[in-house]
$ cat final15.cif   # mmCIF, C-alpha atoms and all ligand atoms
data_my_file
loop_
_atom_site.label_atom_id
_atom_site.label_comp_id
_atom_site.auth_asym_id
_atom_site.auth_seq_id
_atom_site.Cartn_x
_atom_site.Cartn_y
_atom_site.Cartn_z
CA MET A 21 121.07 73.57 -160.04
CA GLY A 22 123.32 74.22 -157.06
CA THR A 23 121.58 75.25 -153.85
CA PRO A 24 123.36 76.73 -150.86
CA PRO A 25 123.55 73.89 -148.30
CA PHE A 26 124.32 76.29 -145.44
CA LEU A 27 120.99 77.99 -146.06
CA LEU A 28 118.67 75.23 -147.13
CA ASP A 29 117.84 72.44 -144.70
CA PRO A 30 116.38 69.18 -146.02
CA PRO A 31 112.72 70.25 -145.52
CA TYR A 32 113.23 73.13 -147.95
CA GLU A 33 114.84 70.83 -150.49
CA GLU A 34 111.83 68.52 -150.21
CA ILE A 35 109.48 71.46 -150.73
CA ARG A 36 111.51 72.52 -153.77
CA ALA A 37 111.51 69.05 -155.29
CA ALA A 38 107.74 68.73 -154.84
CA VAL A 39 106.87 72.17 -156.24
CA ARG A 40 109.29 71.79 -159.16
CA GLU A 41 107.75 68.48 -160.18
CA PHE A 42 104.24 69.99 -159.82
CA ALA A 43 105.04 73.21 -161.71
CA GLN A 44 106.84 71.49 -164.59
CA ARG A 45 104.06 68.92 -164.93
CA GLU A 46 100.99 71.12 -164.47
CA LEU A 47 101.96 74.72 -165.29
CA ALA A 48 104.85 74.77 -167.78
CA PRO A 49 102.99 73.00 -170.62
CA ARG A 50 100.24 75.67 -170.62
CA ALA A 51 102.44 78.78 -170.22
CA ALA A 52 102.88 79.61 -173.91
CA ALA A 53 99.18 79.18 -174.70
CA TYR A 54 98.12 81.37 -171.78
CA ASP A 55 100.61 84.02 -172.90
CA GLU A 56 99.26 83.88 -176.44
CA SER A 57 95.59 84.08 -175.48
CA GLY A 58 95.97 86.41 -172.49
CA GLU A 59 93.23 84.35 -170.82
CA PHE A 60 93.34 84.28 -166.99
CA PRO A 61 95.02 80.99 -165.91
CA TRP A 62 92.10 79.57 -163.92
CA GLU A 63 93.21 76.00 -164.55
CA ASN A 64 96.60 76.80 -162.98
CA VAL A 65 94.99 78.62 -160.07
CA ARG A 66 92.77 75.60 -159.37
CA LYS A 67 95.82 73.33 -159.38
CA LEU A 68 97.71 75.68 -157.04
CA ALA A 69 94.72 75.68 -154.69
CA GLU A 70 94.36 71.88 -154.79
CA HIS A 71 98.02 71.49 -153.80
CA GLY A 72 97.78 74.03 -150.97
CA TYR A 73 100.06 76.64 -152.56
CA LEU A 74 97.47 79.43 -152.15
CA GLY A 75 97.36 79.07 -148.38
CA MET A 76 100.91 78.02 -147.69
CA MET A 77 101.87 80.93 -145.40
CA ILE A 78 98.54 81.03 -143.54
CA PRO A 79 98.82 79.41 -140.08
CA GLU A 80 97.56 75.84 -139.80
CA ALA A 81 94.98 76.98 -137.23
CA TYR A 82 93.21 78.82 -140.07
CA GLY A 83 93.49 76.01 -142.58
CA GLY A 84 96.79 77.03 -144.18
CA GLY A 85 100.15 75.33 -144.54
CA GLY A 86 101.90 77.35 -141.80
CA MET A 87 105.05 77.71 -143.88
CA ASP A 88 107.55 80.54 -143.73
CA THR A 89 108.54 83.18 -146.26
CA LEU A 90 111.59 81.17 -147.42
CA ALA A 91 109.40 78.18 -148.32
CA HIS A 92 107.06 80.57 -150.13
CA ALA A 93 109.96 82.15 -152.06
CA ILE A 94 111.20 78.71 -153.15
CA CYS A 95 107.71 77.79 -154.37
CA LEU A 96 107.22 81.10 -156.19
CA GLU A 97 110.60 80.69 -157.88
CA GLU A 98 109.63 77.28 -159.22
CA VAL A 99 106.13 78.43 -160.25
CA ALA A 100 107.64 81.42 -162.09
CA ARG A 101 110.19 79.16 -163.77
CA ALA A 102 107.19 77.34 -165.25
CA CYS A 103 104.73 80.24 -165.71
CA ALA A 104 105.50 83.80 -164.58
CA ALA A 105 101.90 84.98 -165.01
CA THR A 106 100.69 82.34 -162.57
CA ALA A 107 103.44 83.35 -160.12
CA VAL A 108 102.13 86.91 -159.80
CA VAL A 109 98.60 85.67 -159.09
CA MET A 110 100.11 83.56 -156.29
CA ASP A 111 102.39 86.33 -154.92
CA VAL A 112 99.55 88.86 -154.67
CA HIS A 113 97.14 86.35 -153.09
CA ASN A 114 99.66 84.97 -150.57
CA SER A 115 101.92 87.92 -149.76
CA LEU A 116 99.84 91.01 -150.34
CA VAL A 117 96.53 89.70 -149.03
CA GLY A 118 96.93 86.52 -146.90
CA GLU A 119 100.05 87.74 -145.08
CA LEU A 120 98.53 91.22 -144.62
CA ILE A 121 95.35 89.89 -143.02
CA ASN A 122 97.23 87.37 -140.89
CA ARG A 123 99.59 90.05 -139.59
CA TRP A 124 97.32 93.07 -139.20
CA ALA A 125 93.63 92.12 -139.05
CA SER A 126 91.57 91.52 -135.90
CA GLU A 127 91.02 87.99 -134.61
CA ASP A 128 87.43 88.10 -135.90
CA MET A 129 88.55 89.05 -139.41
CA LYS A 130 91.29 86.41 -139.40
CA ALA A 131 88.82 83.72 -138.34
CA ARG A 132 86.45 84.75 -141.11
CA TRP A 133 88.80 85.39 -144.04
CA LEU A 134 91.97 83.34 -143.60
CA PRO A 135 90.27 79.94 -144.07
CA VAL A 136 88.63 81.31 -147.24
CA LEU A 137 91.96 82.58 -148.59
CA ALA A 138 93.73 79.35 -147.56
CA ARG A 139 91.34 77.27 -149.67
CA GLY A 140 92.31 79.37 -152.67
CA ASP A 141 88.89 79.23 -154.29
CA ARG A 142 88.48 82.99 -153.76
CA LEU A 143 91.45 85.13 -154.77
CA GLY A 144 92.73 88.30 -153.13
CA ALA A 145 93.86 91.63 -154.62
CA PHE A 146 95.86 94.55 -153.17
CA CYS A 147 94.69 98.01 -154.21
CA LEU A 148 97.24 100.72 -153.48
CA THR A 149 98.22 102.34 -156.80
CA GLU A 150 96.10 105.13 -158.31
CA PRO A 151 96.40 107.01 -161.60
CA ASP A 152 98.25 109.89 -159.86
CA ALA A 153 99.85 107.88 -157.06
CA GLY A 154 102.33 105.24 -158.28
CA SER A 155 105.83 105.42 -156.83
CA ASP A 156 104.48 108.14 -154.52
CA ALA A 157 101.80 105.83 -153.15
CA ALA A 158 101.19 108.03 -150.11
CA ALA A 159 99.66 110.61 -152.49
CA LEU A 160 96.60 108.39 -152.98
CA LYS A 161 93.25 110.16 -153.10
CA THR A 162 90.63 107.44 -152.59
CA THR A 163 88.59 108.45 -149.56
CA ALA A 164 86.86 106.51 -146.79
CA VAL A 165 84.36 108.51 -144.73
CA ARG A 166 82.82 107.11 -141.56
CA ASP A 167 79.03 106.93 -141.67
CA GLY A 168 77.58 105.29 -138.55
CA ASP A 169 78.80 101.71 -138.41
CA HIS A 170 80.06 101.84 -142.01
CA TYR A 171 82.71 103.58 -144.10
CA VAL A 172 81.86 104.96 -147.54
CA LEU A 173 84.69 104.57 -150.09
CA ASN A 174 85.15 106.61 -153.27
CA GLY A 175 88.06 106.59 -155.72
CA ARG A 176 89.85 104.80 -158.51
CA LYS A 177 92.68 102.31 -158.20
CA THR A 178 94.72 101.30 -161.22
CA PHE A 179 97.05 98.46 -162.30
CA ILE A 180 95.45 96.05 -159.82
CA SER A 181 96.65 92.46 -160.23
CA ASN A 182 93.82 89.92 -159.90
CA GLY A 183 91.44 92.85 -160.57
CA GLY A 184 87.99 91.58 -161.50
CA VAL A 185 88.87 87.92 -160.87
CA ALA A 186 89.51 88.33 -157.13
CA GLU A 187 86.73 88.20 -154.56
CA ILE A 188 88.59 89.90 -151.69
CA TYR A 189 90.08 93.38 -152.17
CA VAL A 190 92.34 95.15 -149.69
CA VAL A 191 91.80 98.85 -150.45
CA PHE A 192 93.90 101.72 -149.10
CA ALA A 193 92.00 104.99 -148.62
CA VAL A 194 92.37 108.34 -146.87
CA THR A 195 90.43 108.61 -143.61
CA ASP A 196 92.14 111.80 -142.37
CA PRO A 197 93.21 114.12 -145.19
CA ALA A 198 95.11 116.41 -142.79
CA ALA A 199 97.38 113.63 -141.56
CA GLY A 200 99.31 112.81 -144.77
CA SER A 201 100.55 109.22 -144.93
CA ARG A 202 99.35 108.77 -141.32
CA GLY A 203 95.80 109.46 -142.50
CA ILE A 204 95.59 106.35 -144.72
CA SER A 205 93.66 103.25 -143.64
CA ALA A 206 93.22 99.73 -145.04
CA PHE A 207 89.83 98.10 -145.71
CA LEU A 208 88.62 94.73 -146.86
CA VAL A 209 86.03 95.04 -149.65
CA GLU A 210 84.17 92.04 -151.03
CA LYS A 211 83.42 91.66 -154.71
CA GLY A 212 79.71 92.18 -155.19
CA THR A 213 79.53 95.13 -152.79
CA PRO A 214 77.36 97.76 -154.54
CA GLY A 215 79.47 100.50 -156.15
CA LEU A 216 82.57 98.30 -156.67
CA SER A 217 83.38 97.79 -160.36
CA PHE A 218 86.35 97.00 -162.59
CA GLY A 219 87.92 98.37 -165.75
CA LYS A 220 88.73 96.19 -168.75
CA PRO A 221 91.87 94.05 -168.29
CA PHE A 222 94.93 95.92 -169.61
CA LYS A 223 96.77 94.42 -172.60
CA LYS A 224 100.31 93.91 -171.37
CA MET A 225 103.83 93.28 -172.68
CA GLY A 226 104.38 90.27 -170.42
CA ILE A 227 102.69 88.18 -167.68
CA ARG A 228 99.83 88.50 -170.16
CA ALA A 229 97.60 85.87 -168.62
CA SER A 230 97.48 87.68 -165.28
CA SER A 231 94.56 90.09 -164.88
CA THR A 232 95.43 93.78 -164.35
CA THR A 233 92.54 96.25 -164.14
CA ASP A 234 91.29 99.47 -162.65
CA VAL A 235 89.23 99.02 -159.51
CA ILE A 236 86.54 101.66 -159.21
CA LEU A 237 84.84 102.58 -155.94
CA GLU A 238 81.65 104.65 -156.09
CA GLN A 239 79.84 105.12 -152.77
CA VAL A 240 81.00 101.68 -151.65
CA ARG A 241 79.68 101.01 -148.12
CA VAL A 242 81.78 98.64 -146.07
CA PRO A 243 81.07 97.67 -142.45
CA ALA A 244 83.39 99.43 -139.96
CA SER A 245 84.47 95.93 -138.89
CA HIS A 246 86.23 95.65 -142.28
CA LEU A 247 88.85 98.22 -141.24
CA ILE A 248 92.18 96.35 -141.10
CA GLY A 249 94.32 97.40 -138.16
CA ARG A 250 93.61 100.87 -136.81
CA GLU A 251 92.54 104.06 -138.60
CA GLY A 252 95.68 105.79 -139.89
CA GLN A 253 97.75 102.58 -139.88
CA GLY A 254 97.15 101.80 -143.57
CA TYR A 255 100.34 103.15 -145.08
CA LYS A 256 102.48 101.39 -142.49
CA ILE A 257 100.56 98.18 -143.26
CA ALA A 258 101.11 98.68 -147.01
CA LEU A 259 104.87 99.16 -146.65
CA ALA A 260 105.31 96.23 -144.26
CA THR A 261 103.26 94.02 -146.59
CA LEU A 262 105.27 95.10 -149.62
CA ASP A 263 108.36 93.82 -147.79
CA ASN A 264 106.90 90.32 -148.08
CA GLY A 265 105.62 90.92 -151.60
CA ARG A 266 109.03 92.14 -152.78
CA VAL A 267 110.67 88.93 -151.56
CA GLY A 268 108.11 87.17 -153.76
CA ILE A 269 108.85 89.33 -156.80
CA GLY A 270 112.57 88.71 -156.28
CA ALA A 271 111.80 84.98 -156.29
CA GLN A 272 109.66 85.39 -159.41
CA ALA A 273 112.59 87.14 -161.12
CA VAL A 274 114.99 84.33 -160.16
CA GLY A 275 112.56 81.74 -161.53
CA ILE A 276 112.19 83.58 -164.85
CA ALA A 277 115.97 83.97 -165.15
CA GLN A 278 116.52 80.27 -164.36
CA ALA A 279 114.03 79.26 -167.05
CA ALA A 280 115.94 81.40 -169.57
CA LEU A 281 119.28 79.89 -168.54
CA ASP A 282 117.85 76.36 -168.80
CA ARG A 283 116.83 77.05 -172.39
CA ALA A 284 120.09 78.82 -173.27
CA VAL A 285 122.21 75.90 -172.04
CA ALA A 286 120.07 73.39 -173.96
CA TYR A 287 120.19 75.46 -177.14
CA ALA A 288 123.95 76.11 -176.90
CA SER A 289 124.55 72.35 -176.67
CA GLN A 290 122.39 71.56 -179.68
CA ARG A 291 122.78 74.45 -182.18
CA ARG A 292 125.76 73.97 -184.52
CA GLN A 293 127.59 76.68 -186.45
CA PHE A 294 131.08 76.58 -187.99
CA GLY A 295 130.87 72.79 -187.66
CA ARG A 296 130.59 72.78 -183.86
CA PRO A 297 127.94 73.32 -181.14
CA ILE A 298 127.85 77.05 -180.35
CA GLY A 299 128.34 76.08 -176.69
CA SER A 300 131.93 75.13 -177.55
CA PHE A 301 132.75 78.78 -178.34
CA GLN A 302 134.25 80.68 -175.44
CA GLY A 303 132.12 83.71 -176.33
CA ILE A 304 128.97 81.70 -175.57
CA GLN A 305 130.49 79.86 -172.59
CA PHE A 306 131.34 83.14 -170.86
CA LYS A 307 127.78 84.36 -171.33
CA LEU A 308 126.41 81.16 -169.75
CA ALA A 309 128.88 81.38 -166.88
CA ASP A 310 127.93 85.00 -166.12
CA MET A 311 124.21 84.23 -166.35
CA ALA A 312 124.49 81.30 -163.92
CA THR A 313 126.63 83.29 -161.47
CA GLN A 314 124.22 86.25 -161.50
CA ILE A 315 121.25 83.96 -160.89
CA GLU A 316 122.97 82.22 -157.99
CA ALA A 317 123.82 85.58 -156.38
CA ALA A 318 120.24 86.82 -156.86
CA ARG A 319 118.85 83.60 -155.37
CA LEU A 320 121.03 83.98 -152.25
CA LEU A 321 119.93 87.60 -151.77
CA VAL A 322 116.27 86.59 -152.13
CA TYR A 323 116.58 83.68 -149.67
CA ARG A 324 118.36 85.94 -147.17
CA ALA A 325 115.61 88.53 -147.60
CA ALA A 326 112.97 85.86 -146.95
CA VAL A 327 114.64 84.82 -143.70
CA LEU A 328 115.10 88.47 -142.67
CA TYR A 329 111.42 89.26 -143.37
CA ASP A 330 110.28 86.59 -140.91
CA GLU A 331 112.85 87.79 -138.38
CA SER A 332 111.54 91.35 -138.82
CA VAL A 333 108.02 90.18 -137.91
CA ARG A 334 109.38 88.54 -134.75
CA THR A 335 111.65 91.39 -133.66
CA GLY A 336 109.88 94.46 -135.08
CA ARG A 337 113.16 95.49 -136.79
CA ARG A 338 112.34 96.03 -140.48
CA ALA A 339 114.58 94.52 -143.15
CA SER A 340 113.40 96.80 -145.96
CA LYS A 341 116.94 97.62 -147.12
CA GLU A 342 117.98 93.98 -147.54
CA ILE A 343 114.62 93.13 -149.14
CA ALA A 344 114.92 96.06 -151.57
CA MET A 345 118.46 94.89 -152.45
CA ALA A 346 117.15 91.41 -153.24
CA LYS A 347 114.24 92.68 -155.36
CA LEU A 348 116.42 95.22 -157.17
CA PHE A 349 119.24 92.79 -157.93
CA ALA A 350 117.05 89.83 -158.87
CA SER A 351 114.88 91.87 -161.24
CA GLU A 352 117.90 93.44 -162.96
CA VAL A 353 119.42 89.95 -163.29
CA ALA A 354 116.19 88.61 -164.77
CA MET A 355 116.24 91.30 -167.45
CA GLN A 356 119.95 90.78 -168.26
CA VAL A 357 119.78 86.98 -168.28
CA THR A 358 116.64 86.78 -170.42
CA THR A 359 118.13 89.28 -172.90
CA GLU A 360 121.29 87.17 -173.16
CA ALA A 361 119.21 84.02 -173.58
CA VAL A 362 117.50 85.60 -176.59
CA GLN A 363 120.95 86.54 -177.96
CA ILE A 364 122.26 82.99 -177.56
CA HIS A 365 119.26 81.77 -179.58
CA GLY A 366 120.13 84.20 -182.40
CA GLY A 367 117.24 84.80 -184.82
CA TYR A 368 115.30 81.90 -183.34
CA GLY A 369 115.30 83.70 -180.00
CA TYR A 370 113.24 86.41 -181.61
CA LEU A 371 110.51 83.91 -182.48
CA GLN A 372 107.75 82.83 -180.14
CA ASP A 373 108.53 79.14 -180.66
CA PHE A 374 111.60 79.14 -178.41
CA GLU A 375 109.90 80.85 -175.45
CA VAL A 376 112.89 83.00 -174.46
CA GLU A 377 111.20 86.06 -175.96
CA ARG A 378 108.27 85.44 -173.60
CA LEU A 379 110.66 85.19 -170.66
CA MET A 380 112.29 88.50 -171.68
CA ARG A 381 108.87 90.18 -171.80
CA ASP A 382 107.88 88.61 -168.47
CA ALA A 383 111.14 89.67 -166.81
CA LYS A 384 110.54 93.37 -167.48
CA ILE A 385 107.65 93.71 -165.04
CA THR A 386 109.80 92.60 -162.12
CA GLN A 387 111.71 95.90 -162.44
CA ILE A 388 108.45 97.86 -162.23
CA TYR A 389 105.79 96.49 -159.87
CA GLU A 390 105.86 96.46 -156.08
CA GLY A 391 108.23 99.43 -156.39
CA THR A 392 110.36 100.20 -159.45
CA SER A 393 114.12 99.63 -159.46
CA GLU A 394 114.51 103.37 -158.80
CA VAL A 395 112.25 103.12 -155.75
CA GLN A 396 114.25 100.13 -154.44
CA ARG A 397 117.41 102.24 -154.78
CA MET A 398 115.70 105.04 -152.83
CA VAL A 399 114.82 102.60 -150.03
CA ILE A 400 118.40 101.29 -149.91
CA ALA A 401 120.05 104.72 -150.05
CA ARG A 402 117.74 106.22 -147.42
CA ALA A 403 118.48 103.32 -145.08
CA LEU A 404 122.23 103.79 -145.63
CA LEU A 405 121.96 107.51 -144.89
CA ALA A 406 119.77 106.88 -141.85
CA GLU A 407 122.29 104.34 -140.55
CA ALA A 408 124.95 107.02 -140.94
CA GLY A 409 122.84 109.40 -138.85
CA GLN A 410 121.79 111.63 -141.73
CA ALA A 411 118.31 113.17 -141.59
CA VAL A 412 116.33 111.78 -144.53
CA GLU A 413 112.70 111.66 -145.53
CA ALA A 414 110.69 108.58 -144.56
CA ALA A 415 111.59 105.51 -146.64
CA VAL A 416 109.19 104.44 -149.39
C1 LIG A 501 101.32 94.50 -164.50
C2 LIG A 501 101.24 95.38 -163.29
C3 LIG A 501 100.67 94.88 -162.11
C4 LIG A 501 100.57 95.71 -160.99
N1 LIG A 501 99.93 95.23 -159.86
C5 LIG A 501 99.65 96.10 -158.85
C6 LIG A 501 98.81 95.68 -157.74
O1 LIG A 501 98.38 94.52 -157.66
N2 LIG A 501 98.50 96.60 -156.80
C7 LIG A 501 98.95 97.87 -156.84
O2 LIG A 501 98.61 98.65 -155.93
N3 LIG A 501 99.76 98.30 -157.85
C8 LIG A 501 100.11 97.44 -158.86
N4 LIG A 501 100.89 97.86 -159.91
C9 LIG A 501 101.36 99.23 -159.94
C10 LIG A 501 102.88 99.35 -159.80
O3 LIG A 501 103.28 99.05 -158.50
C11 LIG A 501 103.27 100.76 -160.26
O4 LIG A 501 103.10 100.78 -161.67
C12 LIG A 501 104.67 101.13 -159.87
O5 LIG A 501 104.76 101.28 -158.48
C13 LIG A 501 105.13 102.44 -160.55
O6 LIG A 501 104.17 103.43 -160.49
P1 LIG A 501 103.77 104.23 -161.83
O7 LIG A 501 103.45 103.20 -162.84
O8 LIG A 501 102.73 105.22 -161.49
O9 LIG A 501 105.10 104.94 -162.27
P2 LIG A 501 105.65 106.36 -161.76
O10 LIG A 501 105.66 106.40 -160.28
O11 LIG A 501 104.92 107.43 -162.49
O12 LIG A 501 107.15 106.30 -162.27
C14 LIG A 501 107.56 106.60 -163.60
C15 LIG A 501 109.08 106.51 -163.65
O13 LIG A 501 109.65 107.51 -162.78
C16 LIG A 501 110.50 106.89 -161.84
N5 LIG A 501 110.43 107.62 -160.57
C17 LIG A 501 109.34 107.98 -159.85
N6 LIG A 501 109.68 108.64 -158.74
C18 LIG A 501 111.04 108.71 -158.75
C19 LIG A 501 112.01 109.27 -157.88
N7 LIG A 501 111.66 109.90 -156.74
N8 LIG A 501 113.32 109.16 -158.21
C20 LIG A 501 113.70 108.53 -159.35
N9 LIG A 501 112.83 107.98 -160.22
C21 LIG A 501 111.52 108.08 -159.92
C22 LIG A 501 109.97 105.46 -161.70
O14 LIG A 501 110.97 104.60 -161.18
C23 LIG A 501 109.61 105.17 -163.14
O15 LIG A 501 110.76 104.81 -163.84
C24 LIG A 501 101.06 97.03 -161.03
C25 LIG A 501 101.66 97.52 -162.20
C26 LIG A 501 101.73 96.72 -163.33
C27 LIG A 501 102.32 97.29 -164.58
#

$ encode --input "final15.cif" --output "structure tokens" --more "lines below"
Ligand SMILES: Cc1cc2nc3c(=O)[nH]c(=O)nc-3n(C[C@H](O)[C@H](O)[C@H](O)COP(=O)(O)OP(=O)(O)OC[C@H]3O[C@@H](n4cnc5c(N)ncnc54)[C@H](O)[C@@H]3O)c2cc1C
Amino acid sequence: MGTPPFLLDPPYEEIRAAVREFAQRELAPRAAAYDESGEFPWENVRKLAEHGYLGMMIPEAYGGGGMDTLAHAICLEEVARACAATAVVMDVHNSLVGELINRWASEDMKARWLPVLARGDRLGAFCLTEPDAGSDAAALKTTAVRDGDHYVLNGRKTFISNGGVAEIYVVFAVTDPAAGSRGISAFLVEKGTPGLSFGKPFKKMGIRASSTTDVILEQVRVPASHLIGREGQGYKIALATLDNGRVGIGAQAVGIAQAALDRAVAYASQRRQFGRPIGSFQGIQFKLADMATQIEAARLLVYRAAVLYDESVRTGRRASKEIAMAKLFASEVAMQVTTEAVQIHGGYGYLQDFEVERLMRDAKITQIYEGTSEVQRMVIARALLAEAGQAVEAAV
């Protein structure tokens, strides 16, 4: 696979080589069985933890790998190329929880939770979506009411990745109902806190081995010291965190698409019709060429977005538009490329044995979670209009 030499210095290539070897050896052989059973991939999670991939962006001072978002994107891409369900467990833990706490929590919270997250033996989950607040996440209704030195949380979150299996939940709740999106705050809630419970894992089209559940909060008392950032800062924290998460989902999409292309190229070389390998027909060659070109373009957008995310943390200038472009483009490419890979396999592509049908099912979610493709277009268009001096509503 060609990598852009102007973007990737040798250390990144070494990281890629190591994670590719690990993911192909440890994760890829189990991907089909996990998809079939829908069982949570604990074995994969343990391996990721052992190799440091669940703490890779946490600073070394807290026991993590101290790596940047580009290194994380490269690793997620290779993990997704082997097992997309495992990649979402990793993205949520690293981007939506580890990065959030590292960037926004108090020093005391960081000292307590980052080493735990870095070890990877206790997973994190990010609880924003509610039954009536999906794309319009600011419409969430879960409440957090101050009671002495505690907050009391009530509400229902839905579609929560790592739900039930995670030990550390970041929960977004309304602390000031009159203040709209500026009245939302973020809290850390530990599994085992009385009143915190989980729905049954949803049965999904793809990434079937990942756990997705409702998270139910009934009179959940959390210490006031578990408030992340300041009261009212929660929505800002959610959006900034999703910037990092969306780079990860873009990388996941690239990895899924690459896995489909790998299989399509192999199949086109081996399958014979009309007395020749189907790869010798121009109709198939053009498909392969377009798939490879789309993937390469998506990869470059994702890598640029990763670099821009880290720059945005340093400078305070958000890169949401460029990140949304990367997530939008990569997820659309994943869907197109996996669909073409099934087509190149003909009838066999429709069977589970050749794995491209799994990749097509896995690709679909990348157009939906962490903001649908429509939401990414809203973010991009609003930024364009804002740049042109037009008055627009706040970006999603
Ligand atoms: C497997 C899975 C894992 C997930 N993991 C998490 C998680 O860990 N944490 C979490 O908080 N959430 C999670 N989600 C939730 C996910 O982010 C939401 O499903 C997503 O944001 C869309 O929300 P919705 O499903 O309510 O769809 P809706 O918002 O109801 O959207 C329905 C359709 O309308 C479109 N639409 C909505 N508004 C507009 C508009 N203004 N203009 C044009 N089109 C519009 C949408 O694009 C979509 O096509 C997960 C979801 C799934 C399926």

$ closest_atom_pairs --input "final15.cif" --of "chain A" --to "ligand LIG 501 (chain A)" --cutoff "7 Å" --atoms "only C-alpha atoms and all ligand atoms" --output "tab-separated table"
residue	atom	partner	partner_atom	distance
A:Val112	CA	A:LIG501	O1	6.5
A:Ala145	CA	A:LIG501	O1	6.2
A:Phe146	CA	A:LIG501	N2	4.9
A:Cys147	CA	A:LIG501	O2	4.3
A:Leu148	CA	A:LIG501	O2	3.5
A:Thr149	CA	A:LIG501	O2	3.8
A:Pro151	CA	A:LIG501	O8	6.6
A:Asp152	CA	A:LIG501	O8	6.7
A:Ala153	CA	A:LIG501	O8	5.9
A:Gly154	CA	A:LIG501	O8	3.2
A:Ser155	CA	A:LIG501	O10	3.6
A:Asp156	CA	A:LIG501	O10	6.1
A:Thr178	CA	A:LIG501	N3	6.8
A:Phe179	CA	A:LIG501	C24	4.4
A:Ile180	CA	A:LIG501	O1	3.9
A:Ser181	CA	A:LIG501	O1	3.7
A:Asn182	CA	A:LIG501	O1	6.9
A:Lys224	CA	A:LIG501	C1	7.0
A:Thr232	CA	A:LIG501	C3	5.8
A:Ile385	CA	A:LIG501	C1	6.4
A:Ile388	CA	A:LIG501	C12	5.5
A:Tyr389	CA	A:LIG501	O3	3.8
A:Glu390	CA	A:LIG501	O3	4.4
A:Gly391	CA	A:LIG501	O5	4.5
A:Thr392	CA	A:LIG501	O14	4.8
A:Ser393	CA	A:LIG501	O14	6.1
A:Glu394	CA	A:LIG501	O14	4.4
A:Val395	CA	A:LIG501	O14	5.8

$ closest_residue --input "final15.cif" --among "A:Ala125, A:Ala52, A:Val357, A:Ala326" --to "Gly226 (chain A)" --atoms "all atoms listed in the file"
A:Ala52

$ closest_residue --input "final15.cif" --among "A:Ala339, A:Ile269, A:Val136, A:Ala309" --to "Glu352 (chain A)" --atoms "all atoms listed in the file"
A:Ile269

$ residues_around --input "final15.cif" --residues "His246 (chain A)" --least-positions-apart "2" --cutoff "7 Å" --atoms "all atoms listed in the file" --output "list in words"
Phe207, Leu208, Val242, Pro243, Ala244 and Ile248 of chain A

$ closest_residue --input "final15.cif" --among "A:Gly270, A:Gly252, A:Gly140, A:Pro79" --to "Ala199 (chain A)" --atoms "all atoms listed in the file"
A:Gly252

$ residues_near_point --input "final15.cif" --point "(105.0, 106.8, -149.2)" --cutoff "7 Å" --atoms "all atoms listed in the file" --output "VMD selection string"
chain A and resid 156 to 158 201 416

$ closest_residue --input "final15.cif" --among "A:Gln396, A:Ser289, A:Ser332, A:Gln372" --to "Ala350 (chain A)" --atoms "only C-alpha atoms"
A:Gln396

$ atom_distance --input "final15.cif" --atom1 "CA of Pro221 (chain A)" --atom2 "CA of Pro49 (chain A)"
23.9 Å

$ closest_residue --input "final15.cif" --among "A:Val190, A:Leu320, A:Leu237, A:Phe222" --to "Arg176 (chain A)" --atoms "all atoms listed in the file"
A:Leu237

$ atom_distance --input "final15.cif" --atom1 "CA of Val117 (chain A)" --atom2 "CA of Ile315 (chain A)"
28.0 Å

$ residues_near_point --input "final15.cif" --point "(108.1, 89.7, -170.2)" --cutoff "9 Å" --atoms "only C-alpha atoms" --output "list in words"
Ala104, Lys224, Met225, Gly226, Ile227, Arg228, Met355, Glu377, Arg378, Leu379, Met380, Arg381, Asp382, Ala383, Lys384, Ile385 and Thr386 of chain A

$ residues_around --input "final15.cif" --residues "Arg337 (chain A)" --least-positions-apart "6" --cutoff "12 Å" --atoms "only C-alpha atoms" --output "ChimeraX atom specification"
/A:260,328-331

$ atom_distance --input "final15.cif" --atom1 "CA of Gly268 (chain A)" --atom2 "CA of Ser217 (chain A)"
27.7 Å

$ closest_residue --input "final15.cif" --among "A:Met398, A:Ala280, A:Ile204, A:Leu405" --to "Gly249 (chain A)" --atoms "only C-alpha atoms"
A:Ile204

$ residues_around --input "final15.cif" --residues "region 67-72 of chain A" --least-positions-apart "6" --cutoff "8 Å" --atoms "only C-alpha atoms" --output "list in words"
Glu46, Gly84, Gly85, Ala138, Arg139, Gly140 and Asp141 of chain A

$ build_atoms --input "final15.cif" --residues "region 139-144 of chain A" --atoms "N, CA and C atoms" --output "mmCIF file, in the coordinates of the input"
data_model
loop_
_atom_site.group_PDB
_atom_site.id
_atom_site.type_symbol
_atom_site.label_atom_id
_atom_site.label_comp_id
_atom_site.auth_asym_id
_atom_site.auth_seq_id
_atom_site.Cartn_x
_atom_site.Cartn_y
_atom_site.Cartn_z
ATOM 1 N N ARG A 139 91.898 78.237 -148.708
ATOM 2 C CA ARG A 139 91.340 77.270 -149.670
ATOM 3 C C ARG A 139 91.706 77.632 -151.097
ATOM 4 N N GLY A 140 91.865 78.931 -151.347
ATOM 5 C CA GLY A 140 92.310 79.370 -152.670
ATOM 6 C C GLY A 140 91.210 79.392 -153.709
ATOM 7 N N ASP A 141 89.959 79.163 -153.279
ATOM 8 C CA ASP A 141 88.890 79.230 -154.290
ATOM 9 C C ASP A 141 88.386 80.658 -154.472
ATOM 10 N N ARG A 142 88.807 81.575 -153.573
ATOM 11 C CA ARG A 142 88.480 82.990 -153.760
ATOM 12 C C ARG A 142 89.795 83.766 -153.649
ATOM 13 N N LEU A 143 90.148 84.445 -154.717
ATOM 14 C CA LEU A 143 91.450 85.130 -154.770
ATOM 15 C C LEU A 143 91.406 86.498 -154.092
ATOM 16 N N GLY A 144 92.596 86.974 -153.712
ATOM 17 C CA GLY A 144 92.730 88.300 -153.130
ATOM 18 C C GLY A 144 93.418 89.263 -154.081
#
